[in-house]
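*Asks:* Just entry.cif, nothing more (mmCIF, C-alpha atoms (C1' of nucleotides)):
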```
data_work
loop_
_atom_site.label_atom_id
_atom_site.label_comp_id
_atom_site.auth_asym_id
_atom_site.auth_seq_id
_atom_site.Cartn_x
_atom_site.Cartn_y
_atom_site.Cartn_z
CA MET A 1 29.89 -36.29 -0.98
CA ILE A 2 28.23 -34.39 -3.79
CA ALA A 3 28.18 -34.85 -7.54
CA PRO A 4 27.11 -31.96 -9.80
CA ARG A 5 24.41 -32.25 -12.42
CA CYS A 6 21.93 -29.35 -12.49
CA THR A 7 23.21 -25.92 -13.31
CA THR A 8 20.18 -23.81 -12.58
CA PRO A 9 20.74 -21.73 -9.44
CA GLY A 10 17.86 -21.92 -7.03
CA GLY A 11 15.55 -23.05 -9.76
CA PRO A 12 12.56 -21.34 -11.29
CA SER A 13 9.72 -20.06 -9.23
CA VAL A 14 6.43 -20.59 -10.92
CA ASP A 15 3.18 -18.75 -10.39
CA TRP A 16 1.90 -22.01 -9.09
CA ARG A 17 -1.41 -23.52 -9.92
CA ARG A 18 -2.15 -27.16 -9.56
CA PRO A 19 -2.55 -28.70 -12.97
CA PRO A 20 -5.88 -30.31 -13.79
CA VAL A 21 -5.91 -34.07 -13.47
CA GLY A 22 -4.66 -35.69 -16.62
CA THR A 23 -2.17 -33.00 -17.51
CA VAL A 24 0.85 -34.50 -19.16
CA TYR A 25 4.16 -33.27 -17.90
CA HIS A 26 7.57 -33.89 -19.32
CA ARG A 27 10.57 -35.43 -17.64
CA SER A 28 9.41 -38.08 -15.27
CA MET A 29 12.08 -40.37 -13.88
CA GLU A 30 13.02 -43.96 -13.19
CA PRO A 31 13.85 -44.77 -9.57
CA GLY A 32 17.22 -46.15 -10.68
CA PRO A 33 19.11 -42.92 -11.19
CA LEU A 34 17.91 -41.58 -7.85
CA VAL A 35 19.06 -44.65 -5.99
CA ALA A 36 22.27 -44.78 -7.97
CA ALA A 37 23.07 -41.17 -7.15
CA MET A 38 22.73 -41.80 -3.43
CA ASP A 39 24.67 -45.03 -3.67
CA SER A 40 27.57 -43.69 -5.68
CA ALA A 41 27.81 -40.68 -3.40
CA GLY A 42 28.29 -43.05 -0.51
CA TYR A 43 24.94 -42.75 1.22
CA ARG A 44 23.19 -45.77 2.65
CA LEU A 45 20.50 -47.37 0.55
CA THR A 46 17.84 -47.70 3.19
CA GLU A 47 14.29 -48.90 2.73
CA PRO A 48 12.76 -45.43 3.22
CA ARG A 49 15.15 -43.90 0.70
CA ARG A 50 14.32 -46.53 -1.89
CA ALA A 51 10.64 -45.94 -1.21
CA VAL A 52 11.00 -42.19 -1.75
CA ALA A 53 12.79 -42.87 -5.03
CA GLU A 54 9.86 -45.05 -6.09
CA LEU A 55 7.33 -42.40 -5.15
CA ILE A 56 9.21 -39.78 -7.11
CA ALA A 57 9.47 -42.09 -10.09
CA ALA A 58 5.72 -42.67 -9.96
CA ARG A 59 5.10 -38.95 -10.32
CA GLU A 60 5.20 -36.88 -13.44
CA GLY A 61 6.98 -33.55 -13.35
CA HIS A 62 6.72 -31.26 -10.36
CA PHE A 63 5.78 -32.39 -6.89
CA THR A 64 6.00 -31.13 -3.34
CA ALA A 65 6.98 -32.81 -0.11
CA ALA A 66 3.30 -32.85 0.77
CA ASP A 67 2.56 -34.75 -2.44
CA LEU A 68 5.01 -37.46 -1.51
CA LEU A 69 3.64 -37.57 2.02
CA ASP A 70 0.17 -38.13 0.64
CA ASP A 71 1.43 -40.79 -1.73
CA ALA A 72 3.24 -42.54 1.09
CA LYS A 73 0.16 -42.42 3.26
CA ALA A 74 -2.02 -43.74 0.43
CA ARG A 75 0.33 -46.65 -0.10
CA ARG A 76 0.46 -47.26 3.62
CA LEU A 77 4.23 -46.92 3.69
CA GLY A 78 5.45 -46.02 7.12
CA ILE A 79 7.70 -43.19 6.04
CA GLY A 80 8.02 -40.26 8.40
CA ARG A 81 7.63 -36.67 7.37
CA ALA A 82 11.18 -35.83 8.36
CA THR A 83 12.57 -38.64 6.26
CA ILE A 84 10.82 -37.35 3.18
CA PHE A 85 12.18 -33.88 3.71
CA ARG A 86 15.63 -35.21 4.39
CA SER A 87 15.60 -37.40 1.30
CA LEU A 88 14.50 -34.49 -0.86
CA ASP A 89 17.27 -32.35 0.58
CA LEU A 90 19.76 -35.07 -0.16
CA LEU A 91 18.62 -35.62 -3.72
CA THR A 92 18.68 -31.90 -4.32
CA GLU A 93 22.19 -31.69 -2.96
CA LEU A 94 23.17 -34.55 -5.23
CA ASN A 95 21.77 -32.54 -8.11
CA VAL A 96 19.32 -35.11 -9.34
CA LEU A 97 16.40 -32.97 -8.21
CA GLU A 98 15.95 -29.28 -8.69
CA ARG A 99 14.20 -27.30 -6.01
CA LEU A 100 11.73 -24.56 -6.89
CA ASP A 101 10.54 -21.86 -4.49
CA LEU A 102 6.81 -21.45 -4.66
CA PRO A 103 5.02 -18.25 -3.70
CA SER A 104 3.29 -20.15 -0.91
CA GLY A 105 6.61 -20.73 0.79
CA GLU A 106 6.49 -24.39 -0.18
CA HIS A 107 9.13 -26.00 -2.28
CA ALA A 108 8.52 -28.06 -5.37
CA TYR A 109 10.94 -30.49 -6.91
CA VAL A 110 11.64 -31.43 -10.51
CA PRO A 111 13.86 -34.20 -11.81
CA CYS A 112 16.96 -32.62 -13.31
CA GLY A 113 17.10 -32.80 -17.05
CA PRO A 114 20.36 -33.81 -18.70
CA VAL A 115 20.71 -30.57 -20.65
CA HIS A 116 20.12 -26.94 -20.02
CA HIS A 117 16.65 -25.83 -21.00
CA HIS A 118 13.79 -23.60 -19.97
CA HIS A 119 10.18 -23.89 -18.97
CA LEU A 120 7.15 -22.81 -20.89
CA VAL A 121 4.24 -22.56 -18.47
CA CYS A 122 0.65 -22.32 -19.66
CA SER A 123 -1.13 -19.63 -17.71
CA ASN A 124 -4.47 -21.25 -18.45
CA CYS A 125 -4.11 -24.99 -17.82
CA GLY A 126 -0.79 -25.19 -16.00
CA ARG A 127 0.85 -27.44 -18.56
CA VAL A 128 4.63 -27.19 -18.60
CA THR A 129 6.89 -27.82 -21.56
CA ASP A 130 10.62 -27.69 -21.91
CA VAL A 131 12.21 -25.38 -24.43
CA ASP A 132 15.77 -25.47 -25.57
CA ASP A 133 18.21 -22.67 -25.82
CA GLN A 134 18.27 -21.86 -29.52
CA GLY A 135 18.64 -18.20 -30.26
CA LEU A 136 19.03 -17.25 -26.67
CA ALA A 137 22.74 -17.90 -26.49
CA SER A 138 23.57 -15.04 -28.81
CA ALA A 139 21.35 -12.67 -26.89
CA LEU A 140 23.24 -13.59 -23.75
CA GLU A 141 26.57 -13.03 -25.42
CA ALA A 142 25.42 -9.60 -26.43
CA ILE A 143 24.53 -8.87 -22.82
CA GLU A 144 27.97 -9.99 -21.68
CA HIS A 145 29.54 -7.60 -24.14
CA ARG A 146 27.32 -4.70 -23.18
CA THR A 147 27.62 -5.05 -19.45
CA GLY A 148 31.08 -6.40 -18.87
CA TRP A 149 29.66 -9.19 -16.74
CA GLN A 150 30.68 -12.78 -17.10
CA VAL A 151 27.43 -14.70 -17.26
CA GLU A 152 27.77 -18.11 -15.68
CA THR A 153 24.22 -19.44 -15.62
CA HIS A 154 20.78 -18.14 -16.27
CA ARG A 155 17.18 -19.01 -15.83
CA LEU A 156 14.39 -18.25 -18.22
CA GLU A 157 10.73 -18.91 -17.69
CA LEU A 158 8.10 -18.20 -20.26
CA TYR A 159 4.43 -17.80 -19.52
CA GLY A 160 1.72 -17.98 -22.07
CA ARG A 161 -0.93 -20.16 -23.64
CA CYS A 162 -0.30 -23.61 -24.91
CA PRO A 163 -1.61 -24.52 -28.36
CA ARG A 164 -4.62 -26.28 -26.90
CA CYS A 165 -5.66 -23.34 -24.72
CA ARG A 166 -4.99 -20.80 -27.44
CA THR A 167 -8.08 -21.90 -29.27
CA ARG A 168 -10.33 -21.62 -26.24
CA ARG A 169 -11.81 -18.65 -24.48
CA PRO A 170 -9.84 -17.29 -21.51
CA SER A 171 -10.56 -19.23 -18.30
CA MET B 1 -9.18 -1.29 -6.97
CA ILE B 2 -5.98 -2.30 -8.73
CA ALA B 3 -3.78 -0.57 -11.26
CA PRO B 4 -1.32 -2.61 -13.33
CA ARG B 5 2.36 -1.82 -13.59
CA CYS B 6 4.67 -4.83 -13.19
CA THR B 7 4.39 -7.61 -15.71
CA THR B 8 6.62 -10.23 -14.17
CA PRO B 9 4.53 -13.18 -12.94
CA GLY B 10 5.41 -14.20 -9.42
CA GLY B 11 8.71 -12.44 -9.66
CA PRO B 12 12.21 -13.85 -9.79
CA SER B 13 13.52 -16.14 -7.15
CA VAL B 14 17.13 -15.53 -6.41
CA ASP B 15 19.66 -17.91 -4.93
CA TRP B 16 19.70 -15.56 -2.02
CA ARG B 17 22.73 -14.28 -0.28
CA ARG B 18 22.74 -11.15 1.77
CA PRO B 19 24.93 -8.58 0.06
CA PRO B 20 27.96 -7.34 1.95
CA VAL B 21 27.46 -4.01 3.67
CA GLY B 22 28.05 -1.17 1.27
CA THR B 23 26.74 -2.94 -1.80
CA VAL B 24 25.05 -0.49 -4.09
CA TYR B 25 21.74 -1.59 -5.47
CA HIS B 26 19.74 0.00 -8.20
CA ARG B 27 16.20 1.25 -8.11
CA SER B 28 15.47 2.70 -4.73
CA MET B 29 12.27 4.68 -4.46
CA GLU B 30 10.68 7.87 -3.23
CA PRO B 31 7.81 7.47 -0.79
CA GLY B 32 5.61 9.59 -3.07
CA PRO B 33 4.77 7.01 -5.71
CA LEU B 34 3.90 4.43 -3.08
CA VAL B 35 1.53 6.78 -1.29
CA ALA B 36 0.14 8.01 -4.59
CA ALA B 37 -0.58 4.48 -5.74
CA MET B 38 -2.59 3.70 -2.65
CA ASP B 39 -4.36 7.03 -2.82
CA SER B 40 -5.32 6.86 -6.44
CA ALA B 41 -6.52 3.33 -6.01
CA GLY B 42 -8.89 4.59 -3.34
CA TYR B 43 -7.21 3.24 -0.23
CA ARG B 44 -7.02 5.29 2.93
CA LEU B 45 -3.81 7.17 3.57
CA THR B 46 -3.29 6.15 7.17
CA GLU B 47 -0.32 6.94 9.35
CA PRO B 48 1.02 3.38 9.35
CA ARG B 49 0.79 3.19 5.56
CA ARG B 50 2.68 6.44 5.14
CA ALA B 51 5.28 5.16 7.56
CA VAL B 52 5.72 1.94 5.62
CA ALA B 53 6.17 3.96 2.45
CA GLU B 54 8.89 5.97 4.18
CA LEU B 55 10.65 2.86 5.38
CA ILE B 56 10.61 1.37 1.91
CA ALA B 57 11.90 4.60 0.43
CA ALA B 58 14.74 4.60 2.94
CA ARG B 59 15.86 1.19 1.69
CA GLU B 60 17.89 0.40 -1.38
CA GLY B 61 16.83 -2.50 -3.55
CA HIS B 62 15.51 -5.71 -2.05
CA PHE B 63 14.07 -5.99 1.42
CA THR B 64 11.95 -8.38 3.41
CA ALA B 65 9.06 -7.86 5.77
CA ALA B 66 11.47 -8.61 8.59
CA ASP B 67 13.75 -5.81 7.39
CA LEU B 68 10.92 -3.33 7.61
CA LEU B 69 9.90 -4.64 11.00
CA ASP B 70 13.44 -4.09 12.25
CA ASP B 71 13.51 -0.62 10.74
CA ALA B 72 10.20 0.24 12.35
CA LYS B 73 11.40 -1.04 15.69
CA ALA B 74 14.65 0.92 15.39
CA ARG B 75 12.75 4.10 14.69
CA ARG B 76 10.37 3.35 17.52
CA LEU B 77 7.37 3.48 15.23
CA GLY B 78 4.46 1.59 16.69
CA ILE B 79 3.63 -0.35 13.56
CA GLY B 80 2.32 -3.86 14.02
CA ARG B 81 3.64 -6.88 12.21
CA ALA B 82 0.32 -7.53 10.53
CA THR B 83 0.13 -4.01 9.21
CA ILE B 84 3.50 -4.32 7.53
CA PHE B 85 2.50 -7.56 5.87
CA ARG B 86 -0.82 -6.12 4.82
CA SER B 87 0.80 -3.00 3.39
CA LEU B 88 3.28 -5.07 1.43
CA ASP B 89 0.47 -7.19 0.06
CA LEU B 90 -1.40 -4.08 -0.94
CA LEU B 91 1.57 -2.47 -2.66
CA THR B 92 2.30 -5.69 -4.46
CA GLU B 93 -1.29 -5.91 -5.61
CA LEU B 94 -1.06 -2.33 -6.80
CA ASN B 95 1.99 -3.36 -8.79
CA VAL B 96 4.39 -0.86 -7.32
CA LEU B 97 6.29 -3.62 -5.57
CA GLU B 98 7.34 -6.93 -6.97
CA ARG B 99 7.40 -9.95 -4.71
CA LEU B 100 10.22 -12.48 -4.91
CA ASP B 101 10.12 -15.99 -3.44
CA LEU B 102 13.26 -16.75 -1.54
CA PRO B 103 14.51 -20.28 -0.94
CA SER B 104 14.06 -19.74 2.78
CA GLY B 105 10.34 -19.41 2.25
CA GLU B 106 10.52 -15.70 2.97
CA HIS B 107 9.41 -13.11 0.49
CA ALA B 108 11.50 -10.19 -0.65
CA TYR B 109 10.17 -7.07 -2.31
CA VAL B 110 11.63 -4.84 -5.00
CA PRO B 111 10.29 -1.54 -6.24
CA CYS B 112 8.86 -2.07 -9.72
CA GLY B 113 10.82 -0.52 -12.52
CA PRO B 114 8.90 1.39 -15.15
CA VAL B 115 9.93 -0.89 -18.01
CA HIS B 116 10.36 -4.57 -18.50
CA HIS B 117 13.86 -5.71 -17.71
CA HIS B 118 15.86 -8.50 -16.15
CA HIS B 119 18.26 -9.02 -13.29
CA LEU B 120 21.95 -9.70 -13.46
CA VAL B 121 23.02 -11.17 -10.13
CA CYS B 122 26.67 -11.41 -9.14
CA SER B 123 27.35 -14.82 -7.70
CA ASN B 124 30.33 -13.47 -5.84
CA CYS B 125 29.32 -10.22 -4.18
CA GLY B 126 25.54 -10.25 -4.56
CA ARG B 127 25.37 -7.04 -6.54
CA VAL B 128 22.28 -6.79 -8.73
CA THR B 129 21.99 -4.87 -11.97
CA ASP B 130 19.13 -4.40 -14.34
CA VAL B 131 19.46 -5.43 -17.96
CA ASP B 132 17.15 -4.48 -20.73
CA ASP B 133 15.49 -6.66 -23.27
CA GLN B 134 17.61 -6.09 -26.34
CA GLY B 135 18.04 -9.13 -28.53
CA LEU B 136 15.82 -11.28 -26.42
CA ALA B 137 12.59 -10.37 -28.09
CA SER B 138 13.54 -12.03 -31.34
CA ALA B 139 14.62 -15.16 -29.54
CA LEU B 140 11.20 -15.30 -27.93
CA GLU B 141 9.45 -14.87 -31.22
CA ALA B 142 11.41 -17.78 -32.58
CA ILE B 143 10.24 -19.87 -29.66
CA GLU B 144 6.64 -18.89 -30.31
CA HIS B 145 7.00 -20.04 -33.86
CA ARG B 146 8.65 -23.30 -32.98
CA THR B 147 6.32 -24.32 -30.19
CA GLY B 148 2.97 -22.91 -31.19
CA TRP B 149 2.65 -21.28 -27.78
CA GLN B 150 1.55 -17.72 -27.34
CA VAL B 151 4.09 -16.23 -24.96
CA GLU B 152 2.54 -13.61 -22.72
CA THR B 153 5.27 -12.76 -20.26
CA HIS B 154 8.64 -14.09 -19.30
CA ARG B 155 11.27 -13.86 -16.65
CA LEU B 156 14.98 -14.00 -17.15
CA GLU B 157 17.61 -14.01 -14.47
CA LEU B 158 21.29 -14.07 -15.21
CA TYR B 159 23.96 -15.17 -12.76
CA GLY B 160 27.60 -14.41 -13.14
CA ARG B 161 30.43 -12.16 -12.07
CA CYS B 162 30.24 -8.44 -12.10
CA PRO B 163 33.12 -6.51 -13.64
CA ARG B 164 34.65 -5.80 -10.24
CA CYS B 165 34.59 -9.43 -9.14
CA ARG B 166 35.82 -10.71 -12.45
CA THR B 167 39.27 -9.43 -11.75
CA ARG B 168 39.46 -11.10 -8.35
CA ARG B 169 40.05 -14.69 -7.33
CA PRO B 170 36.94 -16.81 -6.79
CA SER B 171 35.51 -16.35 -3.29
"C1'" DT C 1 29.73 -53.36 15.76
"C1'" DT C 2 29.40 -48.73 14.67
"C1'" DG C 3 28.14 -44.82 12.69
"C1'" DT C 4 24.27 -43.60 9.78
"C1'" DC C 5 19.50 -43.19 9.35
"C1'" DT C 6 14.68 -43.26 10.94
"C1'" DG C 7 10.36 -41.88 13.19
"C1'" DC C 8 8.17 -39.22 16.37
"C1'" DA C 9 6.99 -35.14 18.44
"C1'" DA C 10 8.14 -30.67 19.48
"C1'" DA C 11 10.04 -26.48 18.08
"C1'" DG C 12 10.98 -22.82 14.49
"C1'" DC C 13 9.90 -19.46 11.31
"C1'" DG C 14 7.47 -16.55 8.20
"C1'" DT C 15 2.93 -15.34 7.38
"C1'" DT C 16 -2.11 -14.95 8.14
"C1'" DT C 17 -6.31 -14.30 10.73
"C1'" DG C 18 -9.97 -13.06 14.33
"C1'" DC C 19 -11.46 -9.51 16.83
"C1'" DA C 20 -11.91 -5.45 19.64
"C1'" DT C 21 -10.40 -0.76 19.04
"C1'" DT C 22 -8.97 3.21 16.50
"C1'" DT C 23 -8.96 6.25 12.61
"C1'" DC C 24 -9.79 8.28 8.18
"C1'" DG C 25 -12.94 10.55 5.26
"C1'" DC D 1 -20.95 8.53 11.83
"C1'" DG D 2 -19.66 4.28 9.43
"C1'" DA D 3 -16.60 1.75 6.89
"C1'" DA D 4 -11.90 0.68 6.63
"C1'" DA D 5 -7.57 -0.08 8.87
"C1'" DT D 6 -4.82 -1.17 13.00
"C1'" DG D 7 -2.58 -3.89 16.69
"C1'" DC D 8 -2.35 -7.70 19.32
"C1'" DA D 9 -2.05 -12.42 19.96
"C1'" DA D 10 -3.24 -16.71 18.61
"C1'" DA D 11 -3.39 -19.77 14.75
"C1'" DC D 12 -1.37 -21.67 10.54
"C1'" DG D 13 1.40 -24.27 7.16
"C1'" DC D 14 5.69 -25.81 5.85
"C1'" DT D 15 10.05 -27.21 7.34
"C1'" DT D 16 13.64 -28.41 10.68
"C1'" DT D 17 15.52 -30.44 14.82
"C1'" DG D 18 16.52 -33.34 19.11
"C1'" DC D 19 16.72 -37.66 20.45
"C1'" DA D 20 16.08 -42.62 21.42
"C1'" DG D 21 15.82 -46.64 18.87
"C1'" DA D 22 16.65 -49.23 14.32
"C1'" DC D 23 19.42 -50.62 10.70
"C1'" DA D 24 22.81 -50.89 6.64
"C1'" DA D 25 27.52 -51.95 5.83
#
```
Please express what this file holds, its structure, as structure tokens.
*Replies:*
Amino acid sequence: MIAPRCTTPGGPSVDWRRPPVGTVYHRSMEPGPLVAAMDSAGYRLTEPRRAVAELIAAREGHFTAADLLDDAKARRLGIGRATIFRSLDLLTELNVLERLDLPSGEHAYVPCGPVHHHHLVCSNCGRVTDVDDQGLASALEAIEHRTGWQVETHRLELYGRCPRCRTRRPS
Amino acid sequence: MIAPRCTTPGGPSVDWRRPPVGTVYHRSMEPGPLVAAMDSAGYRLTEPRRAVAELIAAREGHFTAADLLDDAKARRLGIGRATIFRSLDLLTELNVLERLDLPSGEHAYVPCGPVHHHHLVCSNCGRVTDVDDQGLASALEAIEHRTGWQVETHRLELYGRCPRCRTRRPS
DNA sequence: TTGTCTGCAAAGCGTTTGCATTTCG
DNA sequence: CGAAATGCAAACGCTTTGCAGACAA
């Protein structure tokens, strides 16, 4: 009952800081694909599951179970805590969400992108941007040659200052 | 009261699987550097702290707080749970240990290597090897140019099959 | 109708904290 | 001696689970 999509094992673990309000993240999501994934995998399309899909779609980028719980509470939806966790587990298993392990012990979730890419995380404002693979592939091939390992997947996270924060003083 | 050594932010988060008994890990550690780090940073060299340093030195590669607690119990040392956590926090802050966020919500710790490097994790047997930076630096520079970001640090984890497991059938 | 799913509340688990006591320097 | 560190146990925060009732197919 599971269809593959993401390739990143475990997912990145970010030195987490909540982004300031108004931060623009990449890769938000329509509810459709989430619902479709559950449907086509043979899971029941229940009201709570549709609601969770909506809540996720309404978010931009990363979110935690607690975020969705708050959203649900704010919208006065009667979704239970357990249901939210179970839906997130399901969507992760279906590979439409990627689960990140935060230092706090929490988990965050990101909609899976269609192609392999990496994250560029601003250490000042928390903004996250996707970066593609260019140039990295050959470095990886070199590593395969040197070590004799067969590299199947990899994860790269970059930390630094985004263009906007570069021009400012350190926070 | 803190001296820098590791540069990896947050530390890698591995799709964790306990290695089979007998797995050889790299980078174990003498107790000396751990004790020295605390000493030179001005912290008291107490009996429990020395004991924790010994326990860490007796381990190879990754370990969790629970591992150390078990070790301490096995050796009938009267070290409290809180003390172990506090010592690990301290050593992490002193940058002689690196803290990893496991999917379970636990934290694992690895002795910090002297130079920047990456991990090559075998998806079959769990073996971990260090890889150096060769070839990657230029790829990162290219990314800086393309994106306008100023990359400060990065983290790369590679997953694949080690030479030994390559020759075997998939597990 | 039937097996899946939900909500609730309680339990689990790793980690942290408050506080009285001990220990290093 | 006095500040820092310890040990204990209770508290914490996030996540999971057991179970009776609800619901999609």
*Asks:* Starting from the PyMOL selection byres ((chain B) within 8 of (chain D)), expand the selection into actual residues of this file and give them as a list of chain:residue names.
*Replies:* B:Arg44, B:Thr46, B:Ile79, B:Gly80, B:Ala82, B:Thr83
*Asks:* Would you export the selected residues with C-alpha atoms as a PDB file, keeping the file's coordinate frame, please?
*Replies:*
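See selection-v5.pdb below for the written result:
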```pdb
ATOM      1  CA  ARG B  44      -7.020   5.290   2.930  1.00  0.00           C
ATOM      2  CA  THR B  46      -3.290   6.150   7.170  1.00  0.00           C
ATOM      3  CA  ILE B  79       3.630  -0.350  13.560  1.00  0.00           C
ATOM      4  CA  GLY B  80       2.320  -3.860  14.020  1.00  0.00           C
ATOM      5  CA  ALA B  82       0.320  -7.530  10.530  1.00  0.00           C
ATOM      6  CA  THR B  83       0.130  -4.010   9.210  1.00  0.00           C
TER       7      THR B  83
END
```
*Asks:* I want to know what sits within 8 Å of Leu91 in chain A, based on only C-alpha atoms (C1' of nucleotides), with residues of the same chain fewer than 6 positions away left out; could you give that as number ranges by chain?
*Replies:* A: 34, 37-38, 97
*Asks:* Extract, using all atoms listed in the file, all DNA, RNA and protein residues at most 10 Å from Leu45 in chain B, discarding same-chain residues fewer than 2 positions from it, and format them as a compact mmCIF listing (two decimals) with C-alpha atoms (C1' of nucleotides), in the frame of the given file.
*Replies:*
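Output (around.txt):
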```
# COMPACT_ATOMS: atom_id res chain seq x y z
CA VAL B 35 1.53 6.78 -1.29
CA ALA B 36 0.14 8.01 -4.59
CA MET B 38 -2.59 3.70 -2.65
CA ASP B 39 -4.36 7.03 -2.82
CA GLY B 42 -8.89 4.59 -3.34
CA TYR B 43 -7.21 3.24 -0.23
CA GLU B 47 -0.32 6.94 9.35
CA PRO B 48 1.02 3.38 9.35
CA ARG B 49 0.79 3.19 5.56
CA ARG B 50 2.68 6.44 5.14
C1' DC C 24 -9.79 8.28 8.18
C1' DG C 25 -12.94 10.55 5.26
C1' DA D 5 -7.57 -0.08 8.87
```
*Asks:* Can you pull out the residues contacting Ala72 in chain B? Cut-off 10 Å, using only C-alpha atoms (C1' of nucleotides), and skip same-chain residues under 5 positions away; I want them as a PyMOL selection string.
*Replies:* chain B and resi 51-52+55+66-67+77-81+84
*Asks:* From the set A:Tyr109, A:Pro103, A:Asp89, A:His145, which residue has the shortest atom-to-atom contact distance to chain B, counting all atoms listed in the file?
*Replies:* A:Pro103
*Asks:* As an exercise, work out the distance from CA of Phe85 in chain A to C1' of DG3 in chain C in Å and give it to one decimal place.
*Replies:*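 Interatomic distance here is 21.3 Å.
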*Asks:* Quick one: pull the distance between CA of Thr92 in chain A and C1' of DC13 in chain C, Å, one decimal.
*Replies:* 21.8 Å
*Asks:* Between C1' of DG7 in chain C and CA of Cys112 in chain A, what distance in Å does the model show, to one decimal?
*Replies:*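 If I compute the distance from C1' of DG7 in chain C to CA of Cys112 in chain A, I get 28.8 Å.
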